[in-house]
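To be precise, the following lines are entry_26.txt, and they hold compact mmCIF, C-alpha atoms.
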```txt
# COMPACT_ATOMS: atom_id res chain seq x y z
CA MET A 10 116.83 82.49 109.96
CA LYS A 11 114.44 85.05 111.48
CA LYS A 12 116.59 85.18 114.60
CA THR A 13 119.62 86.01 112.46
CA ILE A 14 117.68 88.72 110.63
CA ALA A 15 116.55 90.28 113.90
CA VAL A 16 120.11 90.34 115.30
CA VAL A 17 121.59 91.86 112.16
CA GLY A 18 118.73 94.34 111.97
CA ALA A 19 119.27 95.36 115.59
CA MET A 20 123.00 95.91 114.98
CA THR A 21 122.29 98.04 111.94
CA LEU A 22 119.65 99.97 113.85
CA ALA A 23 121.95 100.59 116.80
CA LEU A 24 124.56 102.15 114.52
CA SER A 25 122.00 104.37 112.78
CA MET A 26 120.56 105.57 116.09
CA CYS A 27 123.86 106.95 117.33
CA SER A 28 123.43 110.11 115.30
CA LEU A 29 119.82 110.88 116.20
CA GLY A 30 120.52 112.99 119.25
CA VAL A 31 117.21 112.18 120.97
CA SER A 32 116.67 111.22 124.59
CA ALA A 33 116.27 107.51 125.33
CA GLU A 34 114.01 108.42 128.26
CA GLU A 35 111.46 110.20 126.09
CA PRO A 36 111.19 108.43 122.74
CA THR A 37 110.41 110.45 119.64
CA GLU A 38 106.82 109.73 118.61
CA ILE A 39 106.47 109.00 114.91
CA THR A 40 103.14 108.52 113.13
CA LEU A 41 102.95 106.21 110.11
CA TRP A 42 99.91 105.87 107.84
CA HIS A 43 99.44 102.92 105.50
CA TYR A 44 96.68 101.38 103.39
CA PHE A 45 97.69 97.73 103.58
CA ASP A 46 94.40 95.87 103.89
CA ALA A 47 95.38 92.37 102.76
CA SER A 48 95.96 90.20 105.82
CA ALA A 49 99.61 89.33 105.17
CA ASP A 50 100.56 92.95 104.48
CA SER A 51 98.60 94.54 107.31
CA GLU A 52 99.73 92.01 109.89
CA ALA A 53 103.34 92.27 108.78
CA ILE A 54 103.58 96.05 108.94
CA VAL A 55 102.10 96.09 112.46
CA GLU A 56 104.43 93.31 113.60
CA TRP A 57 107.44 95.03 112.11
CA VAL A 58 106.61 98.38 113.70
CA ASP A 59 106.29 96.57 117.04
CA GLU A 60 109.63 94.86 116.40
CA TYR A 61 111.30 98.17 115.65
CA ASN A 62 109.87 99.71 118.80
CA THR A 63 111.33 96.88 120.92
CA LEU A 64 114.77 97.01 119.26
CA GLN A 65 115.46 100.51 120.56
CA SER A 66 114.01 103.09 122.94
CA ASP A 67 114.70 106.35 121.10
CA ILE A 68 111.82 106.15 118.61
CA HIS A 69 108.25 104.94 118.98
CA ILE A 70 106.32 104.35 115.75
CA THR A 71 102.52 104.25 115.72
CA ALA A 72 101.13 102.63 112.56
CA THR A 73 97.59 103.53 111.51
CA TYR A 74 95.55 101.96 108.72
CA VAL A 75 93.76 104.44 106.44
CA SER A 76 91.92 103.25 103.34
CA ARG A 77 93.77 104.01 100.14
CA GLU A 78 91.16 106.46 98.86
CA GLU A 79 90.95 108.29 102.17
CA LEU A 80 94.73 108.41 102.52
CA MET A 81 95.10 110.00 99.08
CA ASN A 82 92.45 112.56 100.03
CA GLN A 83 94.29 113.31 103.26
CA TYR A 84 97.52 113.94 101.37
CA THR A 85 95.77 116.43 99.10
CA ILE A 86 94.13 118.19 102.04
CA GLY A 87 97.30 117.98 104.14
CA ALA A 88 99.38 119.65 101.45
CA ILE A 89 97.39 122.81 102.24
CA SER A 90 96.55 122.36 105.93
CA GLY A 91 99.87 120.86 106.99
CA GLU A 92 98.08 118.02 108.79
CA LEU A 93 100.13 115.06 107.64
CA PRO A 94 101.65 111.97 109.27
CA ASP A 95 105.40 111.81 109.81
CA ILE A 96 105.73 108.85 107.44
CA GLY A 97 103.21 108.07 104.71
CA MET A 98 102.74 105.17 102.33
CA VAL A 99 101.89 105.90 98.71
CA ASP A 100 101.31 103.90 95.55
CA SER A 101 104.51 104.22 93.51
CA PRO A 102 103.02 105.94 90.41
CA ASP A 103 101.26 108.54 92.58
CA MET A 104 104.34 109.70 94.48
CA ALA A 105 105.53 112.15 91.81
CA SER A 106 102.19 113.93 91.99
CA TYR A 107 102.32 114.30 95.76
CA ILE A 108 105.95 115.40 95.63
CA SER A 109 104.87 118.20 93.28
CA LEU A 110 102.14 119.19 95.77
CA GLY A 111 104.70 119.44 98.58
CA VAL A 112 103.45 116.45 100.59
CA PHE A 113 106.88 114.85 100.98
CA GLU A 114 110.22 116.08 102.31
CA ASP A 115 113.50 115.97 100.37
CA ILE A 116 115.72 113.44 102.19
CA THR A 117 118.40 113.01 99.53
CA ASP A 118 121.31 113.99 101.79
CA TYR A 119 120.29 111.54 104.52
CA LEU A 120 119.97 108.64 102.07
CA ASN A 121 123.23 109.44 100.31
CA GLU A 122 124.96 109.34 103.69
CA TRP A 123 123.36 105.92 104.31
CA GLY A 124 125.36 104.58 101.37
CA GLU A 125 123.00 101.77 100.26
CA LEU A 126 121.12 103.39 97.37
CA ASP A 127 123.16 101.50 94.77
CA SER A 128 121.54 98.28 96.03
CA PHE A 129 118.06 99.38 94.88
CA TYR A 130 116.67 98.64 91.44
CA SER A 131 116.58 101.84 89.42
CA GLY A 132 112.91 101.53 88.44
CA PRO A 133 111.38 101.43 91.93
CA LEU A 134 113.89 103.97 93.26
CA SER A 135 113.10 106.43 90.45
CA SER A 136 109.45 106.51 91.56
CA CYS A 137 110.61 108.22 94.78
CA MET A 138 112.34 111.04 92.90
CA ASP A 139 111.36 114.41 91.51
CA SER A 140 112.37 115.51 88.00
CA GLU A 141 115.77 116.63 89.29
CA GLY A 142 116.56 113.28 90.90
CA ASN A 143 115.99 114.31 94.53
CA LEU A 144 114.70 111.55 96.82
CA TYR A 145 111.63 111.86 99.06
CA GLY A 146 111.39 108.29 100.35
CA LEU A 147 112.24 104.67 99.61
CA PRO A 148 110.46 101.94 97.64
CA GLN A 149 109.36 99.23 100.07
CA ASN A 150 108.09 96.58 97.65
CA SER A 151 107.48 95.79 94.02
CA ASN A 152 104.89 93.53 92.45
CA CYS A 153 103.24 92.70 89.17
CA LEU A 154 100.26 90.80 87.76
CA ALA A 155 99.81 87.29 86.35
CA LEU A 156 96.97 84.89 85.57
CA ALA A 157 95.58 82.37 88.05
CA VAL A 158 93.99 79.35 86.36
CA ASN A 159 91.51 76.89 87.92
CA MET A 160 92.76 73.81 86.09
CA ASP A 161 89.82 71.68 87.26
CA LEU A 162 87.29 74.03 85.64
CA LEU A 163 89.43 74.34 82.54
CA GLU A 164 89.84 70.59 82.12
CA ALA A 165 86.11 70.06 82.67
CA ALA A 166 85.59 72.45 79.76
CA GLY A 167 87.84 70.33 77.56
CA TYR A 168 91.21 72.07 77.82
CA ASP A 169 94.42 70.56 79.17
CA HIS A 170 96.64 73.66 79.25
CA ALA A 171 96.53 77.33 80.20
CA PRO A 172 96.11 79.90 77.41
CA THR A 173 99.23 81.40 75.83
CA SER A 174 97.74 84.13 73.62
CA LEU A 175 94.83 86.57 73.69
CA ASP A 176 93.04 84.71 70.89
CA GLU A 177 93.33 81.41 72.75
CA PHE A 178 92.28 83.03 76.00
CA SER A 179 89.22 84.57 74.31
CA GLU A 180 88.20 81.10 73.18
CA MET A 181 88.83 79.41 76.53
CA VAL A 182 87.11 81.98 78.72
CA ALA A 183 83.66 81.17 77.35
CA ALA A 184 83.61 77.43 78.03
CA PRO A 185 83.85 77.35 81.87
CA THR A 186 81.24 80.10 82.32
CA ASN A 187 78.15 78.79 84.10
CA ALA A 188 75.62 81.51 84.88
CA ASP A 189 73.37 79.13 86.84
CA ASP A 190 76.17 78.52 89.37
CA SER A 191 77.52 82.11 89.19
CA VAL A 192 80.80 80.79 87.77
CA TYR A 193 82.50 83.13 85.32
CA GLY A 194 85.26 82.53 82.84
CA PHE A 195 87.32 85.49 84.00
CA ALA A 196 87.51 87.80 87.02
CA MET A 197 89.47 91.02 87.21
CA CYS A 198 89.33 94.33 89.05
CA CYS A 199 87.93 97.14 86.89
CA ILE A 200 87.07 99.54 89.69
CA SER A 201 87.21 103.28 89.02
CA THR A 202 90.42 103.90 90.96
CA GLU A 203 94.14 103.36 90.40
CA GLU A 204 93.54 99.68 91.23
CA GLY A 205 91.46 99.45 88.08
CA THR A 206 94.07 101.16 85.91
CA PHE A 207 96.73 98.85 87.37
CA GLN A 208 94.80 95.79 86.18
CA LEU A 209 93.67 97.28 82.85
CA LEU A 210 97.06 98.35 81.53
CA PRO A 211 98.33 94.87 80.54
CA TRP A 212 95.39 94.52 78.16
CA LEU A 213 95.83 97.99 76.68
CA CYS A 214 99.62 97.80 76.26
CA ALA A 215 99.98 94.22 74.99
CA THR A 216 101.86 93.12 71.88
CA ILE A 217 99.27 92.36 69.18
CA ASP A 218 100.28 91.72 65.56
CA GLY A 219 103.78 92.74 66.61
CA GLU A 220 102.62 96.14 67.84
CA SER A 221 102.75 97.37 71.43
CA VAL A 222 102.14 100.82 72.87
CA ASN A 223 102.34 102.80 76.09
CA VAL A 224 99.59 104.97 77.56
CA ASP A 225 100.62 107.84 75.29
CA ASP A 226 99.12 106.03 72.26
CA LEU A 227 95.92 104.31 73.36
CA THR A 228 94.15 104.81 70.04
CA ALA A 229 96.46 102.18 68.49
CA ASP A 230 94.81 99.01 67.14
CA SER A 231 96.45 96.84 69.81
CA ALA A 232 95.02 98.92 72.66
CA VAL A 233 91.57 98.97 71.08
CA LYS A 234 91.59 95.20 70.64
CA GLY A 235 92.57 94.67 74.26
CA LEU A 236 89.75 96.82 75.66
CA SER A 237 87.28 95.49 73.10
CA THR A 238 88.04 91.94 74.19
CA LEU A 239 87.36 92.74 77.83
CA GLY A 240 84.18 94.58 76.86
CA GLU A 241 82.98 91.52 74.96
CA PHE A 242 83.67 89.35 78.03
CA VAL A 243 81.31 91.53 80.07
CA ALA A 244 78.68 91.83 77.34
CA ASN A 245 78.64 88.05 76.78
CA GLY A 246 78.50 87.21 80.49
CA TYR A 247 81.97 85.65 80.62
CA MET A 248 82.99 88.30 83.15
CA SER A 249 80.69 89.61 85.86
CA LYS A 250 79.30 93.12 85.51
CA GLU A 251 80.37 93.49 89.13
CA CYS A 252 83.98 93.74 87.91
CA VAL A 253 83.52 97.53 87.95
CA ASN A 254 83.01 97.36 91.72
CA TRP A 255 85.47 94.61 92.64
CA THR A 256 88.79 95.37 94.27
CA GLN A 257 91.78 93.11 93.67
CA ALA A 258 91.02 91.42 96.98
CA ASP A 259 87.46 90.72 95.83
CA VAL A 260 88.75 89.14 92.62
CA PHE A 261 91.04 86.76 94.48
CA ASN A 262 88.19 85.80 96.80
CA GLN A 263 86.08 84.92 93.76
CA PHE A 264 88.86 82.74 92.39
CA ALA A 265 89.56 81.05 95.75
CA ALA A 266 85.85 80.24 96.07
CA GLY A 267 85.86 78.48 92.68
CA LYS A 268 83.70 81.17 91.06
CA ALA A 269 86.16 82.07 88.29
CA ALA A 270 88.13 79.87 85.92
CA PHE A 271 90.69 82.62 85.39
CA ALA A 272 91.62 85.62 87.53
CA GLU A 273 94.13 88.42 87.22
CA VAL A 274 96.11 88.29 90.45
CA GLY A 275 99.11 89.95 92.01
CA THR A 276 102.35 88.78 93.55
CA TRP A 277 100.97 89.42 97.03
CA HIS A 278 98.19 86.86 96.53
CA LEU A 279 100.78 84.09 96.84
CA ALA A 280 100.69 84.71 100.57
CA GLN A 281 96.93 84.01 100.55
CA THR A 282 96.75 80.74 98.59
CA ASP A 283 95.99 78.82 101.78
CA ALA A 284 92.42 80.00 101.16
CA ILE A 285 92.32 77.64 98.17
CA GLY A 286 93.78 74.66 100.01
CA ASP A 287 92.85 71.40 98.29
CA SER A 288 89.60 72.76 96.84
CA PHE A 289 90.91 72.59 93.28
CA ASN A 290 94.09 72.38 91.24
CA TYR A 291 95.40 75.70 89.99
CA GLU A 292 98.33 77.19 88.13
CA ILE A 293 99.83 80.67 87.92
CA VAL A 294 100.98 81.67 84.41
CA VAL A 295 102.00 84.87 82.63
CA LEU A 296 99.12 86.96 81.32
CA PRO A 297 98.01 85.94 77.80
CA THR A 298 97.31 89.50 76.70
CA GLY A 299 98.62 89.48 73.15
CA ASP A 300 100.49 87.45 70.56
CA GLU A 301 101.62 83.86 71.15
CA GLY A 302 104.81 83.86 73.22
CA THR A 303 104.38 87.41 74.49
CA SER A 304 102.95 88.82 77.68
CA SER A 305 102.41 92.14 79.41
CA SER A 306 101.92 93.18 82.99
CA THR A 307 102.02 96.22 85.25
CA ILE A 308 104.61 97.10 87.85
CA GLY A 309 103.13 97.94 91.20
CA GLY A 310 104.46 98.59 94.64
CA GLU A 311 104.38 100.94 97.59
CA ASN A 312 106.79 103.65 98.66
CA PHE A 313 107.19 105.20 102.09
CA GLY A 314 108.00 108.89 102.20
CA ILE A 315 108.81 111.39 104.93
CA CYS A 316 106.00 113.95 105.01
CA THR A 317 106.61 117.68 105.04
CA GLY A 318 106.45 119.01 108.58
CA ALA A 319 107.72 115.82 110.26
CA GLU A 320 109.15 116.91 113.63
CA ASN A 321 112.20 114.65 113.48
CA VAL A 322 113.15 113.87 109.90
CA GLU A 323 116.34 112.09 110.93
CA ALA A 324 114.42 109.69 113.18
CA CYS A 325 111.95 108.97 110.37
CA VAL A 326 114.77 108.27 107.92
CA ALA A 327 116.36 105.87 110.41
CA PHE A 328 113.15 103.83 110.44
CA LEU A 329 112.90 103.81 106.64
CA GLU A 330 116.48 102.61 106.35
CA TRP A 331 115.65 99.73 108.67
CA LEU A 332 112.34 98.98 106.93
CA CYS A 333 114.07 98.86 103.52
CA SER A 334 117.29 97.18 104.65
CA GLN A 335 118.61 94.13 102.84
CA GLU A 336 117.38 91.82 105.60
CA LYS A 337 113.86 93.23 105.91
CA GLU A 338 113.33 93.47 102.14
CA ALA A 339 114.21 89.80 101.82
CA GLU A 340 111.97 88.84 104.71
CA TRP A 341 109.03 90.84 103.28
CA ALA A 342 109.26 88.89 100.02
CA VAL A 343 108.36 85.69 101.85
CA THR A 344 106.01 87.21 104.43
CA ALA A 345 103.83 89.19 102.02
CA GLY A 346 104.64 87.63 98.64
CA LYS A 347 106.21 90.78 97.15
CA ILE A 348 109.28 91.35 95.01
CA PRO A 349 112.18 93.05 96.83
CA THR A 350 113.22 96.49 95.63
CA ARG A 351 116.88 95.66 96.29
CA SER A 352 119.06 93.47 94.11
CA ASP A 353 120.90 92.09 97.15
CA SER A 354 117.71 90.76 98.81
CA GLU A 355 116.44 88.16 96.36
CA PRO A 356 117.96 84.71 95.85
CA GLU A 357 118.04 83.10 99.28
CA TYR A 358 114.47 84.01 100.20
CA THR A 359 112.12 84.67 97.32
CA TYR A 360 112.15 81.30 95.61
CA GLU A 361 110.94 79.59 98.76
CA VAL A 362 107.45 80.74 97.69
CA GLU A 363 105.70 78.46 95.19
CA ASN A 364 104.91 80.17 91.84
CA PHE A 365 107.04 83.19 92.72
CA GLU A 366 109.28 82.53 89.72
CA VAL A 367 106.29 83.17 87.41
CA PHE A 368 105.97 86.72 88.70
CA VAL A 369 109.72 87.27 88.48
CA ASP A 370 109.50 86.19 84.82
CA GLU A 371 106.48 88.45 84.32
CA MET A 372 108.52 91.44 85.50
CA ASN A 373 110.38 91.17 82.17
CA TYR A 374 107.12 92.22 80.46
CA ALA A 375 105.81 94.63 83.09
CA LEU A 376 105.12 98.28 82.34
CA ALA A 377 105.83 101.02 84.86
CA ARG A 378 103.11 103.58 85.57
CA GLY A 379 104.77 106.93 85.11
CA PRO A 380 106.46 108.25 87.11
CA HIS A 381 104.63 111.42 86.17
CA ALA A 382 103.32 114.32 88.24
CA GLU A 383 100.01 114.10 86.35
CA TRP A 384 99.64 110.34 86.65
CA PRO A 385 96.38 110.51 88.68
CA THR A 386 94.78 112.43 85.81
CA ILE A 387 96.13 109.96 83.23
CA SER A 388 94.90 107.05 85.32
CA GLU A 389 91.42 108.53 85.70
CA ALA A 390 91.12 108.91 81.92
CA ILE A 391 92.03 105.22 81.49
CA TYR A 392 89.64 103.73 84.02
CA THR A 393 86.86 106.09 82.94
CA ALA A 394 87.23 104.84 79.36
CA ALA A 395 87.00 101.24 80.54
CA GLN A 396 83.96 101.93 82.71
CA SER A 397 82.15 103.49 79.77
CA VAL A 398 82.72 100.29 77.79
CA PHE A 399 81.76 97.87 80.58
CA VAL A 400 78.83 99.81 82.04
CA ASP A 401 77.45 101.84 79.13
CA GLY A 402 78.43 99.58 76.23
CA ALA A 403 80.49 102.30 74.56
CA ASP A 404 82.69 101.41 71.62
CA ALA A 405 86.27 100.77 72.82
CA ALA A 406 87.85 102.86 70.06
CA ASP A 407 85.63 105.83 70.88
CA ALA A 408 86.25 105.47 74.62
CA LEU A 409 90.02 105.38 74.19
CA ALA A 410 89.93 108.32 71.78
CA THR A 411 88.12 110.30 74.47
CA ALA A 412 90.75 109.25 77.02
CA MET A 413 93.53 110.47 74.73
CA GLU A 414 91.91 113.92 74.57
CA THR A 415 92.96 114.20 78.23
CA ILE A 416 96.21 112.22 78.10
CA ALA A 417 97.79 113.59 74.89
CA PRO A 418 98.26 117.24 76.03
CA ILE A 419 99.73 116.05 79.34
CA VAL A 420 102.38 113.79 77.81
CA GLU A 421 103.14 116.27 75.05
CA GLU A 422 104.06 118.85 77.67
CA THR A 423 105.91 116.39 79.90
CA PRO A 424 106.63 113.07 78.13
CA LEU A 425 106.63 109.80 80.02
CA PRO A 426 110.12 108.47 80.87
```

Could you show the structure in this file as structure tokens?
Amino acid sequence: MKKTIAVVGAMTLALSMCSLGVSAEEPTEITLWHYFDASADSEAIVEWVDEYNTLQSDIHITATYVSREELMNQYTIGAISGELPDIGMVDSPDMASYISLGVFEDITDYLNEWGELDSFYSGPLSSCMDSEGNLYGLPQNSNCLALAVNMDLLEAAGYDHAPTSLDEFSEMVAAPTNADDSVYGFAMCCISTEEGTFQLLPWLCATIDGESVNVDDLTADSAVKGLSTLGEFVANGYMSKECVNWTQADVFNQFAAGKAAFAEVGTWHLAQTDAIGDSFNYEIVVLPTGDEGTSSSTIGGENFGICTGAENVEACVAFLEWLCSQEKEAEWAVTAGKIPTRSDSEPEYTYEVENFEVFVDEMNYALARGPHAEWPTISEAIYTAAQSVFVDGADAADALATAMETIAPIVEETPLP
């Protein structure tokens, strides 16, 4: 199958290269920055860049890893200094902010000429647009969050099924906790970055007593209950105080090592389950964040945009069109455990991955972050509120009220979609 993909990809690439007008003897040098640090993602992007470089001789891509935090800083600095890569990766909810700063180039005409935009899901594609619908890149992957369950630990604690509501989860999370062995009931990432907001949102925007909210109404009872529950987990020792320092990768490592009965994990972790092996039996289920029979999650994913000042925009667009082609989107789903951003890339490939269907189901309950030009400010208010609860023991209602003092004026001026 991979041979077929490579041949088709090469044919598509050859056609797109005809219009570039660059010399085959001196390839156009293109710089690409990314923050993929999980092994499957980072290995795949390097391998694919190498593949692209061997398929043709007109363009040479150099991929460079930059930590997410540093990359975001470089975009902010580069918007003023002009020192930017040719192609840059960005977390989907942040792209609107960087578009407004002038980091990315409008490539709408190129992509319309490509003729494949109708194949992309509207949600991921909209995160690459400004308020007028102009496109500055393409969405390369989508993902969401679910719950990983160590069934051996759960059964040893007297339970024979995964939790299906927040109340049941709150009961179950206490029993497997064993402080002497550093085993916690629940592990999640609560770090003070967008990663933390990504993982917190399902608990703030869940359906509780029939009520659900978005981030424009975080003083609602359902949001307060969600954050209060997590705060009680930390206060009671069911969740490690280190959650405020753990990345999503750290959380999965805790789960894979048998140190957490439950863990909030992402689609991409399916490509890393070999780390668990036969150590214990586990299941992946939808997040039990609210009422029985409901769930909530957060839509994630990365976009690639063409940065302002790129020397050969057309060459950069040609690479993006190949990277986000039907064939490569489908292949990425299996390679890195992500959800394709194109509707024509799914069936034949994605269900080869065990537990993938759980995440596809979870997408029905997943909340998009923005898109909003002020999303970084909104996000900071959210994770700061959570940190004050987990670290300082602040009351959840008070913390969220403080967050809304920042968020409310922003969404009143420019409402969320």

Legend entry - A:Val224, A:Leu163, A:Cys252, A:Cys325 ranked by distance to Thr186 of chain A, top pick (using only C-alpha atoms): A:Leu163

Specify the axis-aligned box that encloses all atoms of segment 349-352 of chain A listed in the file after padding of 6 Å on each side, stating its centre and edge lengths in Å to one decimal as lines of an AutoDock Vina configuration file.
```
center_x = 115.6
center_y = 94.8
center_z = 95.5
size_x = 18.9
size_y = 15.4
size_z = 14.7
```

Inset, instruction - One decimal, Å: what's the distance from atom CA of Asn121 of chain A over to atom CA of Ala324 of chain A, could you say? - result: 15.6 Å

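Relative to atom CA of Asp287 of chain A, atom CA of Glu366 of chain A is found at 21.6 Å.
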
Inset, instruction - Pick out the residues sitting within 12 Å of Tyr84 of chain A, and hand them over as a PyMOL selection string; count all atoms listed in the file, and ignore anything fewer than 4 positions along from it in its own chain. - result: chain A and resi 42-43+75+77-80+88-99+103-104+106-113+314+316-317

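Of note, atom CA of Cys198 of chain A and atom CA of Ala265 of chain A are spaced 14.9 Å apart.
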
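The smallest atom-to-atom distance between Glu203 of chain A and any of A:Gln257, A:Ala410, A:Ser334, A:Gly402, using all atoms listed in the file, is found for A:Gln257.
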
Legend entry - Contacts of Cys333 of chain A at 10 Å (all atoms listed in the file; same-chain gap of 4+ positions) as an MDAnalysis selection string: chainID A and resid 125 129 147:150 312:313 328:329 337:339 341 349:351

Inset, instruction - Would you mind listing what lies within 9 Å of Gly205 of chain A as a PyMOL selection string, with only C-alpha atoms counted and same-chain residues fewer than 6 positions away left out? - result: chain A and resi 197-199+253+255-257+388+391-392+395

Inset, instruction - Name the closest residue to Thr298 of chain A among the candidates A:Met81, A:Ile348, A:Leu156, A:Ile387; distances are taken between atoms, counting only C-alpha atoms. - result: A:Leu156

Legend entry - From A:Trp331, A:Phe399, A:Trp384, A:Tyr145, residue lying nearest Trp123 of chain A [only C-alpha atoms]: A:Trp331

Legend entry - Pro185 of chain A surroundings by all atoms listed in the file, 10 Å radius, close-in-sequence under 4 positions cut, as JSON, numbers by chain: {"A": [159, 161, 162, 163, 164, 165, 166, 167, 168, 181, 192, 193, 194, 195, 247, 268, 269, 270, 271]}

Legend entry - Near-Ser304 of chain A list (8 Å; all atoms listed in the file; drop same-chain fewer than 3 positions) as a PyMOL selection string: chain A and resi 215-216+295-300+371+374

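Comparing A:Thr344, A:Gln396, A:Thr73, A:Asn290 by their smallest distance to Ile200 of chain A, the closest is A:Gln396 (using only C-alpha atoms).
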
Inset, instruction - Compare A:Thr303, A:Ser66, A:Gln281, A:Ser288 by their minimum atom-to-atom distance to Ser48 of chain A, counting only C-alpha atoms, and give me the closest one. - result: A:Gln281
